[in-house]
Amino acid sequence: MTDGHDHVLTVEHLEVEFDTYGGTVHAVRDVSFGLRRGRTLAIVGESGCGKSVTVQALMGLIPMPPGRVTRGSAKLGDTELLGLPERELNRIRGNRIGMIFQDPMSSLNPTMRIGDQIVETLRVHRGMSIREGLREAVTLLDRVRIPEASQRARQYPFEFSGGMLQRVMIAVALACSPEVLIADEPTTALDVTIQAQILEIMQALQREEGMSIILITHDLGVVARMADDVAVMYAGQIVETGSVDDIFHRGGHPYTIGLRRATPSNDPERKQTLEPIEGSPPDLFHPPVGCGYFARCPHAMRLCETNMPEAFELARSPEGVLHSARCWLQHAAAPRTAAVNQRRSVSS
Amino acid sequence: MWTYTLRRLIQGVITVWFIATATFAAMHMVPGDPLGSDRATTEAIRANLEARYGLDKPVFPDQYLIFLGNMARGDFGISFTQQNRNVNDIIREAFPISAQLGILAVLFAAAGGVLFGALTALYRNRLPDVVIMFLVILGISIPSFVFAALGQLGVVRLNNLVGQSVLPVAGWGTLQHMLLPALVLGLGTMAFLTRLMRSSMLEVVNTDYVRTARAKGVPPLRIFWRHQLRNAVLPVITVLGPAIAAITTGGFVVELVFAIPGLGRTFVEAVQQLDYTLIMGTTVFYGAFLVLMVILVDLIYGWVDPRVRLS
Amino acid sequence: MAEAARTFTADDFAPAEVRTDLHGIARPSQSYWQDAWYRLRRNRRAIVSLWIVIFLLAFTLVGPLLWRVDPYAQNLDRISQPPTLAARTLLVERGVQWEGVTLPDWPAAPSSAWLLNPERGELPPPERFEVVGDPHTMSVRLRWSPVANAAGYQIYRNTYRPTAVNELGLPLGETWNGNEVGYEDQLALTPSTYWYSITATDGERESEQFVTIPVDVELATTIDNALMRGLIESRDAVRAGEYVSMPANPLGTDYLGRDMLARLMHGAQTSLFIGIAAPLLFVLLGTIYGAFAGFAGGRTDDFMMRIADFVIALPFLLFMILIRVASGIGPGESGILPLLLALVILSWPATARLVRGQILQIREEGYVEAARLLGARDHYLILRHMVPNTLGVILVTLTFAIPTAIFTEAFLSFIGMGVAPPVPSWGSMCNEGLKSMLNSPHELFFPALLISITVLAFNLLGDGLRDALDARMRSRE
């Protein structure tokens, strides 16, 4: 969608479903985005909106009997990731794409030494000997600023704090200098002070290595700090995408605006009370025919209930990043002011 | 780790003391005097017993203390029914047989349990899982003596079919004698371990660190060995202590059915003939053995799991 | 982006109404037990198991009322019979030894000329070979025509038609004179067809030529025996040669000729009584003990749990046997009570630990704290929170304790340390059946099958209950 850029990773029309006891969940519905080389794309949204499923589908990490990728493509350079056989996918995972997860405490094998877990990646992809691998692992631990790296490499995960473990995870993910780093809520489980350290390390490494980052988060503070581009997800769809400035200051989708208003800010000029978004996301067992945000949208119009909005182009950032929003308010015929559009209260 | 080991050993000694006391109490609750003259077969044995156990003195504390002293020295006394034989000698003779059988059975059970459990988890809800879990349910629901009888029947039929003795039906002596009883003895425990291993494995398969390993591009076989199996086996090791106990006491029946001259059969025969010294001796011996095994298994677990080893 | 294919009117862009029904995902709410019951019903294995348990209880409680056969009555003429349906039996007088048939004018020994002839051939078999009277299971009488120069005859019996001399079967007996041409077979006859063969011998050599006749043997009982077994009212009411009907042994008889079905039913009373009563008692005891310890907390709790730890450390089966020996069984006692006692003494601590853990855990739960802050009294907390939240766990424990107890009873009875004979239990029946396993496998098969089915049913039911009651499992689906 953001054509004309040097994209490391391009995802188009991705759809993912899960078969559960209750029926089929349409977890990801027609998601497309591009990741610019050396930049950070943040995918934002509340729990259950399909952020994690999207990136796990790219990595082939979705458990396949219940889960299923029904449509779409995801290209890393020239390589189509979706439908790639496990053996070839394993040459990409950990090698060209690294990934870190939300909970560092449970994401590392409790019965394996930290060093060995880094060495494993190096052995699998680089064919290093254990000795070489260990030396490399210590260097990596050093780079993620773990003190006394050579001793720490011989320890087990339970001897580390959460923040330290997330650094280890970064070291594991970056062992083979991947082109893309996917960080799935990397700071959610950590203390605020530790969060800042982790983000700092990620930024520093990005500068050194020139890798691209997909950052999944629900924390707009993290987005503001890290992201170049933002994709806002809601109910399995990307409802708005654009540069970080566009999203923060010129939001084109009521959900983006709602999200912004529900986030505390320490900007003294923007003194306002936090406004929660009422209600809850729609049931993805039976996704709505129209806009997914219809039920909660303060500006909803009659057509929104039964007509799926398309992505309306709004603008391009100075860098040329396309800003688009999936909302009928962006339709040429839609009323312009929000005041006019205040939804009528009707007791049902 | 060392203080832990020491603490476990001290606990073990206290437990054995409790077992010995309970045994002593149980034997003295038997209607009539268990060490009375009607049981001791010869005058010589009786005189010997009286001197040894202070039978002319009160039960508590004198006889009890004598008993405890004997047990502490590892002196289990003289058998009531087998003349001039030390209980120690009987145990020394019979226990190695039971131990061989037990070790083989534990190996069968552990190897089978881990293997089948891992298989069922990997093939969850597919044919191998369904078939193995059906057999597991049977294994848990059928008493060991029925397995023993079926095994014997099977071997008789097999031998008849082949026309020569492929496997001996009963008795002791060679490795062939051990195979069937050990399998029968291990079967129930194997079924139990398979179930445990399956659920443990299913839990591990869905853990975050296995997902991390996949995200690292580690090939499935390596994930299975390095990440899944090792972590899934841990809970199985914790129940190995009770499993050994189950196999040891299960030996009573199997040794009886297969006519194996082990300690289990000795114990059952001692109980049937009310050979009190032999009962007390074997009970305390068994108790101490089982306590030791549980401690050993706990220590092994501590050694395998770094979280325990290093704390 | 291209303009949408359809065009919209101004009305489409009018504000939509607020509709509260679109919010949230409304599902009907169900109570914990309703939900558990619903989940249990969907578990087909558990429901089948539940029906099996109900059937077993009916078998145990109602069975003996319908099948009124004395489980202790021994029929020594019907030992280890395979399953049979009801049969008619011929009444015969008390078996009188048949003196046989001796021909006075036929030589008892071969002529010396025959014996001295070194080139003499084999004796031919008798020309006629026939049954005298009605052949029945009390006796089969045979006679045959004499053979010249015979010094005696050999009689054989087989269950199939022999085609060669080495297939004649069981050598029943022989007569020692050439003129003794009758034989009575009373050896373990069952109602079926036998093939009798006969050969002649000249005193030195037995001929290899034989004749064979098939004989259909009919079931028969002596009048005395029929009287003893209650098949007839009195001796005068019947005469020999009449038929009376015999009760069936649908599952055969055991090594003392006792009816297996009746014994299995009464054995079920023993096995299931111990299997259900003992868990009920020790789960109850453990629950009270554990709940008390959990509530009391502090030093009382420590002390109570230390005692439980000691009992848990005792090797279970070893002490089952020991307690059983210590309590001793007098003559005429069944030994059920000592067994029950031993099970309760050794098994309660596991439940106590579990319940105590639950109580301690629930006490810390937010909703209990909240209720306490709202001024709930202790008894309200117990009734409203503790009981419902531990009941599920206790129920599951109970269900799994039953197969274990049944197993234990069977195990002990099997090694002769359970209920005392002649009281039947499934375990002791297995023990008895094992001895005759090779010849009459049904004696082992039926009790073993019942034990296995019972244990299987309770295990599957327990699995189903655990899944249905486990709140964690619910959120996972």
# chains A, B, ... in the order shown; residues from 1 in each chain; ligands from 1
>>> interface_residues(of="chain B", to="chain A", cutoff="10 Å", atoms="only C-alpha atoms", output="PDB file with N, CA and C atoms, in the first residue's frame")
ATOM      1  N   ASN B 206       2.845 -26.686  24.319  1.00  0.00           N
ATOM      2  CA  ASN B 206       2.235 -25.363  24.185  1.00  0.00           C
ATOM      3  C   ASN B 206       2.965 -24.272  24.955  1.00  0.00           C
ATOM      4  N   THR B 207       4.158 -24.573  25.453  1.00  0.00           N
ATOM      5  CA  THR B 207       4.831 -23.552  26.260  1.00  0.00           C
ATOM      6  C   THR B 207       5.467 -22.488  25.375  1.00  0.00           C
ATOM      7  N   ASP B 208       5.742 -21.354  26.016  1.00  0.00           N
ATOM      8  CA  ASP B 208       6.362 -20.246  25.294  1.00  0.00           C
ATOM      9  C   ASP B 208       7.765 -20.598  24.811  1.00  0.00           C
ATOM     10  N   TYR B 209       8.514 -21.375  25.616  1.00  0.00           N
ATOM     11  CA  TYR B 209       9.894 -21.610  25.196  1.00  0.00           C
ATOM     12  C   TYR B 209       9.982 -22.549  24.008  1.00  0.00           C
ATOM     13  N   VAL B 210       8.976 -23.399  23.833  1.00  0.00           N
ATOM     14  CA  VAL B 210       8.963 -24.208  22.615  1.00  0.00           C
ATOM     15  C   VAL B 210       8.652 -23.309  21.414  1.00  0.00           C
ATOM     16  N   ARG B 211       7.755 -22.346  21.631  1.00  0.00           N
ATOM     17  CA  ARG B 211       7.477 -21.390  20.568  1.00  0.00           C
ATOM     18  C   ARG B 211       8.748 -20.601  20.233  1.00  0.00           C
ATOM     19  N   THR B 212       9.490 -20.211  21.289  1.00  0.00           N
ATOM     20  CA  THR B 212      10.744 -19.494  21.046  1.00  0.00           C
ATOM     21  C   THR B 212      11.687 -20.354  20.203  1.00  0.00           C
ATOM     22  N   ALA B 213      11.776 -21.623  20.562  1.00  0.00           N
ATOM     23  CA  ALA B 213      12.683 -22.509  19.824  1.00  0.00           C
ATOM     24  C   ALA B 213      12.263 -22.587  18.354  1.00  0.00           C
ATOM     25  N   ARG B 214      10.953 -22.639  18.121  1.00  0.00           N
ATOM     26  CA  ARG B 214      10.492 -22.679  16.729  1.00  0.00           C
ATOM     27  C   ARG B 214      10.818 -21.365  16.034  1.00  0.00           C
ATOM     28  N   ALA B 215      10.642 -20.266  16.766  1.00  0.00           N
ATOM     29  CA  ALA B 215      10.940 -18.961  16.186  1.00  0.00           C
ATOM     30  C   ALA B 215      12.427 -18.817  15.892  1.00  0.00           C
ATOM     31  N   LYS B 216      13.245 -19.609  16.581  1.00  0.00           N
ATOM     32  CA  LYS B 216      14.687 -19.573  16.313  1.00  0.00           C
ATOM     33  C   LYS B 216      15.049 -20.401  15.093  1.00  0.00           C
ATOM     34  N   GLY B 217      14.075 -21.151  14.588  1.00  0.00           N
ATOM     35  CA  GLY B 217      14.354 -21.979  13.427  1.00  0.00           C
ATOM     36  C   GLY B 217      14.967 -23.316  13.776  1.00  0.00           C
ATOM     37  N   VAL B 218      14.769 -23.775  15.025  1.00  0.00           N
ATOM     38  CA  VAL B 218      15.314 -25.078  15.413  1.00  0.00           C
ATOM     39  C   VAL B 218      14.471 -26.180  14.776  1.00  0.00           C
ATOM     40  N   PRO B 219      15.110 -27.168  14.150  1.00  0.00           N
ATOM     41  CA  PRO B 219      14.356 -28.242  13.500  1.00  0.00           C
ATOM     42  C   PRO B 219      13.524 -29.032  14.518  1.00  0.00           C
ATOM     43  N   PRO B 220      12.364 -29.571  14.080  1.00  0.00           N
ATOM     44  CA  PRO B 220      11.418 -30.223  14.992  1.00  0.00           C
ATOM     45  C   PRO B 220      12.056 -31.322  15.852  1.00  0.00           C
ATOM     46  N   ARG B 222      15.064 -31.704  16.855  1.00  0.00           N
ATOM     47  CA  ARG B 222      15.925 -31.136  17.890  1.00  0.00           C
ATOM     48  C   ARG B 222      15.074 -30.477  18.986  1.00  0.00           C
ATOM     49  N   ARG B 226      15.699 -31.622  22.712  1.00  0.00           N
ATOM     50  CA  ARG B 226      16.355 -30.680  23.608  1.00  0.00           C
ATOM     51  C   ARG B 226      15.377 -29.887  24.464  1.00  0.00           C
ATOM     52  N   HIS B 227      14.192 -29.636  23.932  1.00  0.00           N
ATOM     53  CA  HIS B 227      13.295 -28.757  24.671  1.00  0.00           C
ATOM     54  C   HIS B 227      12.106 -29.493  25.269  1.00  0.00           C
ATOM     55  N   GLN B 228      11.439 -30.300  24.450  1.00  0.00           N
ATOM     56  CA  GLN B 228      10.195 -30.897  24.927  1.00  0.00           C
ATOM     57  C   GLN B 228      10.445 -32.072  25.871  1.00  0.00           C
ATOM     58  N   ARG B 230      13.008 -33.256  27.569  1.00  0.00           N
ATOM     59  CA  ARG B 230      13.699 -33.038  28.822  1.00  0.00           C
ATOM     60  C   ARG B 230      12.801 -32.363  29.856  1.00  0.00           C
ATOM     61  N   ASN B 231      12.049 -31.379  29.415  1.00  0.00           N
ATOM     62  CA  ASN B 231      11.168 -30.698  30.363  1.00  0.00           C
ATOM     63  C   ASN B 231       9.956 -31.532  30.727  1.00  0.00           C
ATOM     64  N   LEU B 234      10.485 -34.257  33.556  1.00  0.00           N
ATOM     65  CA  LEU B 234      10.669 -33.866  34.963  1.00  0.00           C
ATOM     66  C   LEU B 234       9.533 -34.330  35.885  1.00  0.00           C
ATOM     67  N   VAL B 304      18.608 -33.277  38.110  1.00  0.00           N
ATOM     68  CA  VAL B 304      18.183 -33.074  36.725  1.00  0.00           C
ATOM     69  C   VAL B 304      17.615 -31.668  36.521  1.00  0.00           C
ATOM     70  N   ASP B 305      16.867 -31.185  37.525  1.00  0.00           N
ATOM     71  CA  ASP B 305      16.242 -29.875  37.380  1.00  0.00           C
ATOM     72  C   ASP B 305      17.138 -28.800  37.984  1.00  0.00           C
ATOM     73  N   PRO B 306      17.709 -27.940  37.150  1.00  0.00           N
ATOM     74  CA  PRO B 306      18.650 -26.936  37.668  1.00  0.00           C
ATOM     75  C   PRO B 306      18.012 -26.020  38.701  1.00  0.00           C
ATOM     76  N   ARG B 307      16.678 -25.810  38.580  1.00  0.00           N
ATOM     77  CA  ARG B 307      16.016 -24.914  39.521  1.00  0.00           C
ATOM     78  C   ARG B 307      16.123 -25.445  40.944  1.00  0.00           C
ATOM     79  N   LEU B 310      20.280 -25.878  42.085  1.00  0.00           N
ATOM     80  CA  LEU B 310      21.068 -24.707  42.453  1.00  0.00           C
ATOM     81  C   LEU B 310      20.462 -23.890  43.584  1.00  0.00           C
ATOM     82  N   SER B 311      19.287 -24.304  44.065  1.00  0.00           N
ATOM     83  CA  SER B 311      18.672 -23.478  45.118  1.00  0.00           C
ATOM     84  C   SER B 311      18.887 -24.077  46.493  1.00  0.00           C
TER      85      SER B 311
END
>>> interface_residues(of="chain C", to="chain B", cutoff="7 Å", atoms="only C-alpha atoms", output="PDB file with N, CA and C atoms, in the first residue's frame")
ATOM      1  N   PHE C 310       3.311 -38.690  58.607  1.00  0.00           N
ATOM      2  CA  PHE C 310       3.829 -39.981  59.061  1.00  0.00           C
ATOM      3  C   PHE C 310       3.021 -41.131  58.477  1.00  0.00           C
ATOM      4  N   ALA C 313       3.814 -41.782  54.987  1.00  0.00           N
ATOM      5  CA  ALA C 313       5.123 -42.399  54.754  1.00  0.00           C
ATOM      6  C   ALA C 313       5.073 -43.916  54.876  1.00  0.00           C
ATOM      7  N   LEU C 314       4.018 -44.466  55.496  1.00  0.00           N
ATOM      8  CA  LEU C 314       3.947 -45.925  55.634  1.00  0.00           C
ATOM      9  C   LEU C 314       3.719 -46.563  54.269  1.00  0.00           C
ATOM     10  N   PRO C 315       4.508 -47.591  53.936  1.00  0.00           N
ATOM     11  CA  PRO C 315       4.260 -48.296  52.671  1.00  0.00           C
ATOM     12  C   PRO C 315       2.866 -48.928  52.699  1.00  0.00           C
ATOM     13  N   LEU C 317       0.609 -51.028  50.910  1.00  0.00           N
ATOM     14  CA  LEU C 317       0.167 -52.426  50.878  1.00  0.00           C
ATOM     15  C   LEU C 317       0.784 -53.239  52.007  1.00  0.00           C
ATOM     16  N   LEU C 318       2.034 -52.916  52.330  1.00  0.00           N
ATOM     17  CA  LEU C 318       2.724 -53.610  53.412  1.00  0.00           C
ATOM     18  C   LEU C 318       1.931 -53.483  54.705  1.00  0.00           C
ATOM     19  N   LEU C 322      -0.179 -55.891  57.166  1.00  0.00           N
ATOM     20  CA  LEU C 322       0.203 -55.934  58.573  1.00  0.00           C
ATOM     21  C   LEU C 322      -1.015 -55.708  59.482  1.00  0.00           C
ATOM     22  N   ILE C 323      -1.808 -54.698  59.147  1.00  0.00           N
ATOM     23  CA  ILE C 323      -2.991 -54.406  59.971  1.00  0.00           C
ATOM     24  C   ILE C 323      -3.964 -55.576  59.895  1.00  0.00           C
ATOM     25  N   VAL C 325      -3.171 -58.673  59.425  1.00  0.00           N
ATOM     26  CA  VAL C 325      -2.638 -59.750  60.257  1.00  0.00           C
ATOM     27  C   VAL C 325      -2.871 -59.418  61.724  1.00  0.00           C
ATOM     28  N   ALA C 326      -2.615 -58.148  62.074  1.00  0.00           N
ATOM     29  CA  ALA C 326      -2.711 -57.754  63.470  1.00  0.00           C
ATOM     30  C   ALA C 326      -4.133 -57.884  63.992  1.00  0.00           C
ATOM     31  N   SER C 327      -5.119 -57.601  63.134  1.00  0.00           N
ATOM     32  CA  SER C 327      -6.488 -57.656  63.632  1.00  0.00           C
ATOM     33  C   SER C 327      -6.981 -59.096  63.710  1.00  0.00           C
ATOM     34  N   GLY C 328      -6.331 -59.987  62.992  1.00  0.00           N
ATOM     35  CA  GLY C 328      -6.661 -61.405  63.103  1.00  0.00           C
ATOM     36  C   GLY C 328      -8.105 -61.691  62.744  1.00  0.00           C
ATOM     37  N   PHE C 407      -9.150 -52.357  43.778  1.00  0.00           N
ATOM     38  CA  PHE C 407      -7.872 -52.986  43.425  1.00  0.00           C
ATOM     39  C   PHE C 407      -7.202 -53.565  44.661  1.00  0.00           C
ATOM     40  N   ILE C 415      -3.762 -62.620  47.341  1.00  0.00           N
ATOM     41  CA  ILE C 415      -2.660 -63.281  48.044  1.00  0.00           C
ATOM     42  C   ILE C 415      -3.150 -63.907  49.356  1.00  0.00           C
ATOM     43  N   LEU C 434      -7.285 -68.882  39.259  1.00  0.00           N
ATOM     44  CA  LEU C 434      -5.942 -68.969  38.687  1.00  0.00           C
ATOM     45  C   LEU C 434      -5.450 -70.414  38.658  1.00  0.00           C
ATOM     46  N   ALA C 448     -12.220 -61.512  36.912  1.00  0.00           N
ATOM     47  CA  ALA C 448     -11.227 -60.546  36.434  1.00  0.00           C
ATOM     48  C   ALA C 448     -11.898 -59.495  35.552  1.00  0.00           C
ATOM     49  N   SER C 452     -12.076 -55.488  36.234  1.00  0.00           N
ATOM     50  CA  SER C 452     -11.554 -54.555  35.234  1.00  0.00           C
ATOM     51  C   SER C 452     -12.622 -53.566  34.794  1.00  0.00           C
ATOM     52  N   VAL C 455     -13.322 -51.058  37.667  1.00  0.00           N
ATOM     53  CA  VAL C 455     -12.240 -50.084  37.824  1.00  0.00           C
ATOM     54  C   VAL C 455     -12.219 -49.129  36.643  1.00  0.00           C
ATOM     55  N   LEU C 456     -12.395 -49.682  35.455  1.00  0.00           N
ATOM     56  CA  LEU C 456     -12.415 -48.864  34.238  1.00  0.00           C
ATOM     57  C   LEU C 456     -13.524 -47.821  34.309  1.00  0.00           C
TER      58      LEU C 456
END
>>> select_by_dssp(residues="stretch 264-476 of chain C", states="alpha helix (DSSP H)", output="ChimeraX atom specification")
/C:264-296,298-313,316-327,336-364,366-373,378-381,387-414,426-435,442-469,471-476
>>> closest_residue(among="A:Gly242, A:Gly23, A:Pro147, A:Gly251", to="chain C", atoms="only C-alpha atoms")
A:Gly23
>>> atom_distance(atom1="atom CA of B:Trp17", atom2="atom CA of C:Leu346")
17.3 Å
>>> select_by_dssp(residues="stretch 83-328 of chain A", states="strand (DSSP E)", output="ChimeraX atom specification")
/A:97-100,180-184,212-217,229-234,237-243,311-316,322-326
>>> write_last_selection(atoms="C-alpha atoms", output="PDB file, in the first residue's frame")
ATOM      1  CA  ILE A  97      13.682 -12.863  11.035  1.00  0.00           C
ATOM      2  CA  GLY A  98      14.241 -12.788  14.774  1.00  0.00           C
ATOM      3  CA  MET A  99      11.424 -12.720  17.270  1.00  0.00           C
ATOM      4  CA  ILE A 100      10.991 -11.805  20.911  1.00  0.00           C
ATOM      5  CA  VAL A 180      13.684  -8.175  10.566  1.00  0.00           C
ATOM      6  CA  LEU A 181      13.082  -8.241  14.292  1.00  0.00           C
ATOM      7  CA  ILE A 182       9.547  -8.945  15.418  1.00  0.00           C
ATOM      8  CA  ALA A 183       8.935  -7.810  18.970  1.00  0.00           C
ATOM      9  CA  ASP A 184       5.594  -9.054  20.294  1.00  0.00           C
ATOM     10  CA  SER A 212      13.746  -3.368  10.547  1.00  0.00           C
ATOM     11  CA  ILE A 213      11.474  -3.862  13.526  1.00  0.00           C
ATOM     12  CA  ILE A 214       7.849  -4.829  13.801  1.00  0.00           C
ATOM     13  CA  LEU A 215       6.795  -3.741  17.253  1.00  0.00           C
ATOM     14  CA  ILE A 216       3.542  -5.020  18.607  1.00  0.00           C
ATOM     15  CA  THR A 217       2.168  -3.122  21.547  1.00  0.00           C
ATOM     16  CA  ASP A 229       5.160   3.958  10.976  1.00  0.00           C
ATOM     17  CA  VAL A 230       2.026   2.787  12.757  1.00  0.00           C
ATOM     18  CA  ALA A 231      -0.738   0.341  11.894  1.00  0.00           C
ATOM     19  CA  VAL A 232      -3.785   0.438  14.168  1.00  0.00           C
ATOM     20  CA  MET A 233      -5.617  -2.868  14.389  1.00  0.00           C
ATOM     21  CA  TYR A 234      -9.169  -3.446  15.493  1.00  0.00           C
ATOM     22  CA  GLN A 237      -8.384  -5.529  10.609  1.00  0.00           C
ATOM     23  CA  ILE A 238      -5.955  -2.679  10.151  1.00  0.00           C
ATOM     24  CA  VAL A 239      -8.246   0.322  10.553  1.00  0.00           C
ATOM     25  CA  GLU A 240      -5.656   3.013  10.071  1.00  0.00           C
ATOM     26  CA  THR A 241      -2.062   3.180   8.952  1.00  0.00           C
ATOM     27  CA  GLY A 242       0.349   6.028   8.517  1.00  0.00           C
ATOM     28  CA  SER A 243       3.430   7.729   9.853  1.00  0.00           C
ATOM     29  CA  ALA A 311      -9.173   2.055   3.208  1.00  0.00           C
ATOM     30  CA  PHE A 312      -9.487   5.712   2.218  1.00  0.00           C
ATOM     31  CA  GLU A 313      -6.247   7.461   1.346  1.00  0.00           C
ATOM     32  CA  LEU A 314      -5.860  10.623   3.379  1.00  0.00           C
ATOM     33  CA  ALA A 315      -2.393  11.986   2.765  1.00  0.00           C
ATOM     34  CA  ARG A 316       1.284  11.219   2.472  1.00  0.00           C
ATOM     35  CA  LEU A 322       0.737   6.813   2.949  1.00  0.00           C
ATOM     36  CA  HIS A 323      -1.857   7.692   5.565  1.00  0.00           C
ATOM     37  CA  SER A 324      -5.101   5.786   5.136  1.00  0.00           C
ATOM     38  CA  ALA A 325      -8.100   4.920   7.281  1.00  0.00           C
ATOM     39  CA  ARG A 326     -10.880   2.378   6.978  1.00  0.00           C
TER      40      ARG A 326
END
>>> residues_around(residues="A:Asp19", least_positions_apart="3", cutoff="12 Å", atoms="only C-alpha atoms", output="mmCIF file with C-alpha atoms, in the first residue's frame")
data_model
loop_
_atom_site.group_PDB
_atom_site.id
_atom_site.type_symbol
_atom_site.label_atom_id
_atom_site.label_comp_id
_atom_site.auth_asym_id
_atom_site.auth_seq_id
_atom_site.Cartn_x
_atom_site.Cartn_y
_atom_site.Cartn_z
ATOM 1 C CA VAL A 16 -6.292 -16.250 9.547
ATOM 2 C CA GLY A 22 -17.472 -22.508 19.729
ATOM 3 C CA GLY A 23 -17.019 -22.233 15.956
ATOM 4 C CA THR A 24 -14.576 -20.557 13.616
ATOM 5 C CA VAL A 25 -12.859 -17.406 14.850
ATOM 6 C CA HIS A 26 -11.915 -14.979 12.085
ATOM 7 C CA ALA A 27 -8.907 -13.643 13.924
ATOM 8 C CA PRO A 63 -0.618 -24.117 15.731
ATOM 9 C CA MET A 64 -1.923 -25.566 12.534
ATOM 10 C CA PRO A 65 -4.700 -27.951 13.374
ATOM 11 C CA PRO A 66 -6.909 -25.290 14.985
ATOM 12 C CA GLY A 67 -5.387 -22.380 13.092
ATOM 13 C CA ARG A 68 -5.342 -21.831 9.349
ATOM 14 C CA VAL A 69 -4.088 -19.137 6.979
ATOM 15 C CA LEU A 284 -15.076 -12.656 15.970
ATOM 16 C CA PHE A 285 -17.005 -15.910 15.775
ATOM 17 C CA GLU C 477 -11.953 -24.320 25.905
#
>>> residues_around(residues="B:Pro168", least_positions_apart="2", cutoff="9 Å", atoms="only C-alpha atoms", output="list in words")
Gln152, Val155, Val156, Asn159, Ser165, Val166, Ala170, Gly171, Trp172, Gln176, His177 and Leu180 of chain B
>>> residues_around(residues="stretch 50-62 of chain C", least_positions_apart="3", cutoff="9 Å", atoms="only C-alpha atoms", output="short mmCIF file (atom, residue, chain, number, x, y, z; two decimals) with N, CA and C atoms, in the first residue's frame")
data_model
loop_
_atom_site.label_atom_id
_atom_site.label_comp_id
_atom_site.auth_asym_id
_atom_site.auth_seq_id
_atom_site.Cartn_x
_atom_site.Cartn_y
_atom_site.Cartn_z
N ARG C 45 -17.84 -40.93 27.15
CA ARG C 45 -17.21 -42.01 27.91
C ARG C 45 -17.67 -42.00 29.36
N ALA C 46 -17.77 -40.79 29.91
CA ALA C 46 -18.17 -40.68 31.31
C ALA C 46 -19.61 -41.15 31.49
N ILE C 47 -20.46 -40.83 30.51
CA ILE C 47 -21.87 -41.22 30.65
C ILE C 47 -22.02 -42.73 30.53
N LEU C 65 -31.62 -61.04 44.22
CA LEU C 65 -33.05 -61.25 44.40
C LEU C 65 -33.64 -62.00 43.22
N LEU C 66 -33.06 -61.77 42.05
CA LEU C 66 -33.57 -62.42 40.84
C LEU C 66 -32.95 -63.80 40.65
N TRP C 67 -31.70 -63.91 40.95
CA TRP C 67 -30.98 -65.17 40.74
C TRP C 67 -30.78 -65.83 42.10
N LEU C 264 -20.45 -64.46 41.87
CA LEU C 264 -20.02 -63.13 41.39
C LEU C 264 -20.90 -62.04 41.99
N MET C 265 -22.21 -62.34 42.09
CA MET C 265 -23.11 -61.34 42.67
C MET C 265 -22.79 -61.10 44.14
N HIS C 266 -22.58 -62.20 44.86
CA HIS C 266 -22.27 -62.02 46.28
C HIS C 266 -20.85 -61.48 46.46
N GLY C 267 -19.97 -61.87 45.53
CA GLY C 267 -18.62 -61.31 45.56
C GLY C 267 -18.64 -59.82 45.30
N ALA C 268 -19.58 -59.40 44.43
CA ALA C 268 -19.70 -57.97 44.15
C ALA C 268 -20.11 -57.23 45.41
N GLN C 269 -20.96 -57.88 46.20
CA GLN C 269 -21.36 -57.23 47.45
C GLN C 269 -20.15 -56.97 48.33
N LEU C 272 -17.63 -54.45 46.10
CA LEU C 272 -18.15 -53.08 45.96
C LEU C 272 -18.40 -52.44 47.31
N LEU C 450 -15.01 -58.53 35.68
CA LEU C 450 -15.82 -57.61 36.49
C LEU C 450 -14.96 -56.59 37.21
N ILE C 453 -13.82 -54.08 34.54
CA ILE C 453 -14.90 -53.18 34.08
C ILE C 453 -15.22 -52.16 35.16
N THR C 454 -15.29 -52.63 36.40
CA THR C 454 -15.63 -51.71 37.49
C THR C 454 -14.58 -50.62 37.63
N ALA C 457 -14.72 -48.28 34.69
CA ALA C 457 -15.86 -47.37 34.72
C ALA C 457 -15.62 -46.24 35.72
N PHE C 458 -15.14 -46.59 36.91
CA PHE C 458 -14.92 -45.54 37.91
C PHE C 458 -13.79 -44.60 37.48
N LEU C 460 -12.93 -43.81 34.34
CA LEU C 460 -13.41 -42.92 33.28
C LEU C 460 -14.40 -41.90 33.83
N LEU C 461 -15.23 -42.35 34.77
CA LEU C 461 -16.16 -41.43 35.40
C LEU C 461 -15.40 -40.35 36.14
#
